Amino acid sequence: MTDLIQPLAVSLSVSISATILCALVGIPLGFNLSIHEFKGKKLFITVINTLLAMPTVVVGLLVYMALSQRSPLGGAGLLYTIPAMIIGQFILALPLMTALTHSAVSALDPAARETAITLGAAPLRVKLTLAMEARFGLMAAVAACFGRLIAEVGLSMIVGGNIAGYTRTMTTAIAMETSKGRFDTALILGGMLMGMALAVNAILQILQGKDR
Amino acid sequence: MMITLALINDKVSYNTFMLKYLVILAAAVGILSGCDKDRQENTLLIAATTTTDNSGILDVLFPPFTEASGIRVRAIISSSGQAIRNAQNGNADVLLSHLPWAEEQFVANGYGTERIAVMYNDFIIAGPPSDPANIQQASSATQAFKSIAAATDNSTVKFISRADQSGTHAKEMQLWESAEILPDDRWYIQSGQGMGATLAMAGEMQAYTLCDRATFVVYSAKIQLEILYQQPGELINAYSIIPLNKNRFPKANHKAAQMLIEFLTSPQGQKIISGYRVDGQQLYQPGGPDMLNAKDNQP
């Protein structure tokens, strides 16, 4: 039974940590993008949207190359560890979090921002007010990022190495069981993963509060 | 979440706010890295191959080793070619593979110190029970491959290749070469995957494939294939463990690697290897065959 539970714990801890880090960096970045004008803004947005289409294996390969002992960053021995997977997943989902936040904030009625400024709010307070207004969009962004991360295989496989009892996630376990022809086990793992994803999203919905 | 952030940073301007975010982020990453103290002295990272994983031998070798030495083994499973590459990049502490010519190069180029024989068995040619290419009558493995190629002219006979730079793949390429045959896409399918997956594919397509005996025995119940050609002395499959060059890879856990090598070559380790049975069949012989040299599997 621990064979099934351990990958679940790894999947959850890696993806939840990466999602939190994504939110901490991506949401302010998306806000910045939405509210401020700067040279090359359109290009920047195009680049971010393109990064949404990056295959997980490619990001995984890049992170592997960056963390490999041969590279300048490799000295820390981070490859095939949980922290490396978290960093990799963070890089993977950051464009998504940024793009969705940008979209959610840009969709707000401009009057909300103007009103807050008129009422004398400091710049940060303005942003927090907007965040409250856009909370449904932001929650959707967090949920989408978590979904992308909990379901990905390529990066976890390459950066984590699918080490039994350590960096094996639900998805890499499913891929492995499938390649071994053990379809029953693969489907059970898949079901457990979906069940967990459902639980996490249910919690997010509850945190979101009542519908308007 | 937003409220917490407000409490922390109420009066600060936006740029410094972002800066604090990045500092917290960097600290978080730093803490996370530090948390992973396990990757120290009592962990051994071994680059091992899919055939050893598929056969289950690693599952009976590593736990007793951990019990005896207190060292946790973390196995990165990939094809031999990938495993050697990984070791070359310094991302493992020790290498276990079955690709003799590449291993010899690995040692010659100073990445590893020596090849130490651990265990061996043989390759077999598996195929559909009806044996349309009639390889059961073949006098040699090369002859069997010739028969398979000849049979593809008039029928749906197919051959599945690992095509993944593995030890098995290397042996297969050597046989095609000695048979002087260039496999044709029409009947030659490259799976690019591990032995278990390739066997499953061969079973589904009722095709021929070269397989190590151990993996075949483990999978035989699940697939509709039979061993059609075998000649233990001819198609030797030898596994070596290779410690890394201390000067080249100072950060590798050489001490733990040495302990594993000692365990595997000890009477206890060798007994576990020879005692490992699946379906009542012995899968590996301990030690090395007489011809543990680079001439084998040279493409």
# chains A, B, ... in the order shown; residues from 1 in each chain; ligands from 1
call {"tool": "closest_atom_pairs", "arguments": {"of": "chain A", "to": "chain B", "cutoff": "6 Å", "atoms": "only C-alpha atoms", "output": "Markdown table"}}
result
| residue | atom | partner | partner_atom | distance |
| --- | --- | --- | --- | --- |
| A:Gln69 | CA | B:Gly90 | CA | 5.4 |
| A:Arg70 | CA | B:Asn89 | CA | 5.8 |
| A:Pro83 | CA | B:Leu32 | CA | 5.8 |
| A:Gly161 | CA | B:Ile76 | CA | 5.7 |
| A:Ile163 | CA | B:Ala75 | CA | 5.8 |
| A:Ser179 | CA | B:Ala197 | CA | 4.7 |
| A:Lys180 | CA | B:Gly196 | CA | 5.1 |
call {"tool": "atom_distance", "arguments": {"atom1": "CA of Gly288 in chain B", "atom2": "CA of Tyr239 in chain B"}}
result
7.8 Å
call {"tool": "select_by_dssp", "arguments": {"residues": "range 15-80 of chain A", "states": "alpha helix (DSSP H)", "output": "PyMOL selection string"}}
result
chain A and resi 15-35+41-51+56-67
call {"tool": "closest_residue", "arguments": {"among": "A:Ala131, A:Leu33, A:Ile174, A:Leu43", "to": "Leu187 in chain A", "atoms": "only C-alpha atoms"}}
result
A:Ile174
call {"tool": "decode", "arguments": {"residues": "range 42-55 of chain A", "atoms": "all heavy atoms", "output": "PDB file, in the first residue's frame"}}
result
ATOM      1  N   LYS A  42       3.932  44.530 -25.444  1.00  0.00           N
ATOM      2  CA  LYS A  42       3.232  43.574 -26.311  1.00  0.00           C
ATOM      3  C   LYS A  42       4.105  42.361 -26.609  1.00  0.00           C
ATOM      4  O   LYS A  42       3.640  41.220 -26.632  1.00  0.00           O
ATOM      5  CB  LYS A  42       2.836  44.272 -27.626  1.00  0.00           C
ATOM      6  CG  LYS A  42       1.524  45.012 -27.580  1.00  0.00           C
ATOM      7  CD  LYS A  42       0.751  44.882 -28.905  1.00  0.00           C
ATOM      8  CE  LYS A  42      -0.725  45.137 -28.723  1.00  0.00           C
ATOM      9  NZ  LYS A  42      -1.035  46.573 -28.511  1.00  0.00           N
ATOM     10  N   LEU A  43       5.404  42.628 -26.833  1.00  0.00           N
ATOM     11  CA  LEU A  43       6.332  41.529 -27.113  1.00  0.00           C
ATOM     12  C   LEU A  43       6.443  40.602 -25.906  1.00  0.00           C
ATOM     13  O   LEU A  43       6.422  39.381 -26.034  1.00  0.00           O
ATOM     14  CB  LEU A  43       7.715  42.097 -27.473  1.00  0.00           C
ATOM     15  CG  LEU A  43       8.796  41.062 -27.769  1.00  0.00           C
ATOM     16  CD1 LEU A  43       8.441  40.261 -29.007  1.00  0.00           C
ATOM     17  CD2 LEU A  43      10.150  41.737 -27.949  1.00  0.00           C
ATOM     18  N   PHE A  44       6.522  41.217 -24.738  1.00  0.00           N
ATOM     19  CA  PHE A  44       6.645  40.459 -23.496  1.00  0.00           C
ATOM     20  C   PHE A  44       5.452  39.530 -23.310  1.00  0.00           C
ATOM     21  O   PHE A  44       5.582  38.357 -22.963  1.00  0.00           O
ATOM     22  CB  PHE A  44       6.764  41.434 -22.321  1.00  0.00           C
ATOM     23  CG  PHE A  44       7.116  40.779 -21.022  1.00  0.00           C
ATOM     24  CD1 PHE A  44       8.362  40.213 -20.823  1.00  0.00           C
ATOM     25  CD2 PHE A  44       6.190  40.719 -19.992  1.00  0.00           C
ATOM     26  CE1 PHE A  44       8.686  39.609 -19.621  1.00  0.00           C
ATOM     27  CE2 PHE A  44       6.507  40.128 -18.783  1.00  0.00           C
ATOM     28  CZ  PHE A  44       7.759  39.571 -18.601  1.00  0.00           C
ATOM     29  N   ILE A  45       4.261  40.080 -23.574  1.00  0.00           N
ATOM     30  CA  ILE A  45       3.042  39.280 -23.412  1.00  0.00           C
ATOM     31  C   ILE A  45       3.032  38.134 -24.420  1.00  0.00           C
ATOM     32  O   ILE A  45       2.641  37.001 -24.098  1.00  0.00           O
ATOM     33  CB  ILE A  45       1.781  40.165 -23.588  1.00  0.00           C
ATOM     34  CG1 ILE A  45       1.702  41.154 -22.430  1.00  0.00           C
ATOM     35  CG2 ILE A  45       0.522  39.321 -23.651  1.00  0.00           C
ATOM     36  CD1 ILE A  45       0.592  42.158 -22.547  1.00  0.00           C
ATOM     37  N   THR A  46       3.479  38.431 -25.649  1.00  0.00           N
ATOM     38  CA  THR A  46       3.531  37.370 -26.666  1.00  0.00           C
ATOM     39  C   THR A  46       4.466  36.259 -26.238  1.00  0.00           C
ATOM     40  O   THR A  46       4.140  35.072 -26.377  1.00  0.00           O
ATOM     41  CB  THR A  46       4.012  37.950 -28.015  1.00  0.00           C
ATOM     42  OG1 THR A  46       3.266  39.121 -28.311  1.00  0.00           O
ATOM     43  CG2 THR A  46       3.836  36.934 -29.128  1.00  0.00           C
ATOM     44  N   VAL A  47       5.614  36.642 -25.711  1.00  0.00           N
ATOM     45  CA  VAL A  47       6.589  35.642 -25.255  1.00  0.00           C
ATOM     46  C   VAL A  47       5.991  34.778 -24.152  1.00  0.00           C
ATOM     47  O   VAL A  47       6.087  33.554 -24.167  1.00  0.00           O
ATOM     48  CB  VAL A  47       7.887  36.320 -24.760  1.00  0.00           C
ATOM     49  CG1 VAL A  47       8.769  35.318 -24.032  1.00  0.00           C
ATOM     50  CG2 VAL A  47       8.644  36.927 -25.923  1.00  0.00           C
ATOM     51  N   ILE A  48       5.328  35.421 -23.190  1.00  0.00           N
ATOM     52  CA  ILE A  48       4.733  34.659 -22.084  1.00  0.00           C
ATOM     53  C   ILE A  48       3.689  33.693 -22.597  1.00  0.00           C
ATOM     54  O   ILE A  48       3.628  32.529 -22.186  1.00  0.00           O
ATOM     55  CB  ILE A  48       4.125  35.612 -21.047  1.00  0.00           C
ATOM     56  CG1 ILE A  48       5.243  36.342 -20.320  1.00  0.00           C
ATOM     57  CG2 ILE A  48       3.243  34.861 -20.072  1.00  0.00           C
ATOM     58  CD1 ILE A  48       4.891  36.922 -18.995  1.00  0.00           C
ATOM     59  N   ASN A  49       2.853  34.159 -23.521  1.00  0.00           N
ATOM     60  CA  ASN A  49       1.822  33.272 -24.053  1.00  0.00           C
ATOM     61  C   ASN A  49       2.429  32.109 -24.817  1.00  0.00           C
ATOM     62  O   ASN A  49       1.899  31.001 -24.809  1.00  0.00           O
ATOM     63  CB  ASN A  49       0.863  34.066 -24.954  1.00  0.00           C
ATOM     64  CG  ASN A  49      -0.077  34.936 -24.137  1.00  0.00           C
ATOM     65  OD1 ASN A  49      -0.335  34.654 -22.976  1.00  0.00           O
ATOM     66  ND2 ASN A  49      -0.595  35.990 -24.736  1.00  0.00           N
ATOM     67  N   THR A  50       3.547  32.356 -25.486  1.00  0.00           N
ATOM     68  CA  THR A  50       4.224  31.272 -26.201  1.00  0.00           C
ATOM     69  C   THR A  50       4.773  30.243 -25.230  1.00  0.00           C
ATOM     70  O   THR A  50       4.708  29.040 -25.474  1.00  0.00           O
ATOM     71  CB  THR A  50       5.380  31.827 -27.051  1.00  0.00           C
ATOM     72  OG1 THR A  50       4.910  32.911 -27.838  1.00  0.00           O
ATOM     73  CG2 THR A  50       5.946  30.753 -27.967  1.00  0.00           C
ATOM     74  N   LEU A  51       5.302  30.734 -24.106  1.00  0.00           N
ATOM     75  CA  LEU A  51       5.859  29.813 -23.112  1.00  0.00           C
ATOM     76  C   LEU A  51       4.796  28.886 -22.542  1.00  0.00           C
ATOM     77  O   LEU A  51       5.104  27.832 -21.988  1.00  0.00           O
ATOM     78  CB  LEU A  51       6.518  30.597 -21.966  1.00  0.00           C
ATOM     79  CG  LEU A  51       7.807  31.339 -22.322  1.00  0.00           C
ATOM     80  CD1 LEU A  51       8.299  32.146 -21.131  1.00  0.00           C
ATOM     81  CD2 LEU A  51       8.877  30.367 -22.761  1.00  0.00           C
ATOM     82  N   LEU A  52       3.525  29.268 -22.660  1.00  0.00           N
ATOM     83  CA  LEU A  52       2.460  28.399 -22.175  1.00  0.00           C
ATOM     84  C   LEU A  52       2.462  27.074 -22.919  1.00  0.00           C
ATOM     85  O   LEU A  52       1.991  26.065 -22.410  1.00  0.00           O
ATOM     86  CB  LEU A  52       1.085  29.071 -22.366  1.00  0.00           C
ATOM     87  CG  LEU A  52       0.800  30.334 -21.556  1.00  0.00           C
ATOM     88  CD1 LEU A  52      -0.590  30.837 -21.881  1.00  0.00           C
ATOM     89  CD2 LEU A  52       0.923  30.055 -20.085  1.00  0.00           C
ATOM     90  N   ALA A  53       2.978  27.099 -24.152  1.00  0.00           N
ATOM     91  CA  ALA A  53       2.946  25.904 -24.986  1.00  0.00           C
ATOM     92  C   ALA A  53       4.208  25.059 -24.867  1.00  0.00           C
ATOM     93  O   ALA A  53       4.357  24.072 -25.575  1.00  0.00           O
ATOM     94  CB  ALA A  53       2.742  26.305 -26.441  1.00  0.00           C
ATOM     95  N   MET A  54       5.090  25.416 -23.933  1.00  0.00           N
ATOM     96  CA  MET A  54       6.324  24.641 -23.788  1.00  0.00           C
ATOM     97  C   MET A  54       6.014  23.221 -23.326  1.00  0.00           C
ATOM     98  O   MET A  54       5.373  23.030 -22.300  1.00  0.00           O
ATOM     99  CB  MET A  54       7.220  25.298 -22.729  1.00  0.00           C
ATOM    100  CG  MET A  54       8.039  26.410 -23.263  1.00  0.00           C
ATOM    101  SD  MET A  54       9.689  25.815 -23.670  1.00  0.00           S
ATOM    102  CE  MET A  54      10.577  26.305 -22.210  1.00  0.00           C
ATOM    103  N   PRO A  55       6.530  22.224 -24.041  1.00  0.00           N
ATOM    104  CA  PRO A  55       6.289  20.856 -23.584  1.00  0.00           C
ATOM    105  C   PRO A  55       7.031  20.608 -22.284  1.00  0.00           C
ATOM    106  O   PRO A  55       8.130  21.130 -22.086  1.00  0.00           O
ATOM    107  CB  PRO A  55       6.894  20.005 -24.711  1.00  0.00           C
ATOM    108  CG  PRO A  55       7.138  20.922 -25.842  1.00  0.00           C
ATOM    109  CD  PRO A  55       7.312  22.277 -25.273  1.00  0.00           C
TER     110      PRO A  55
END
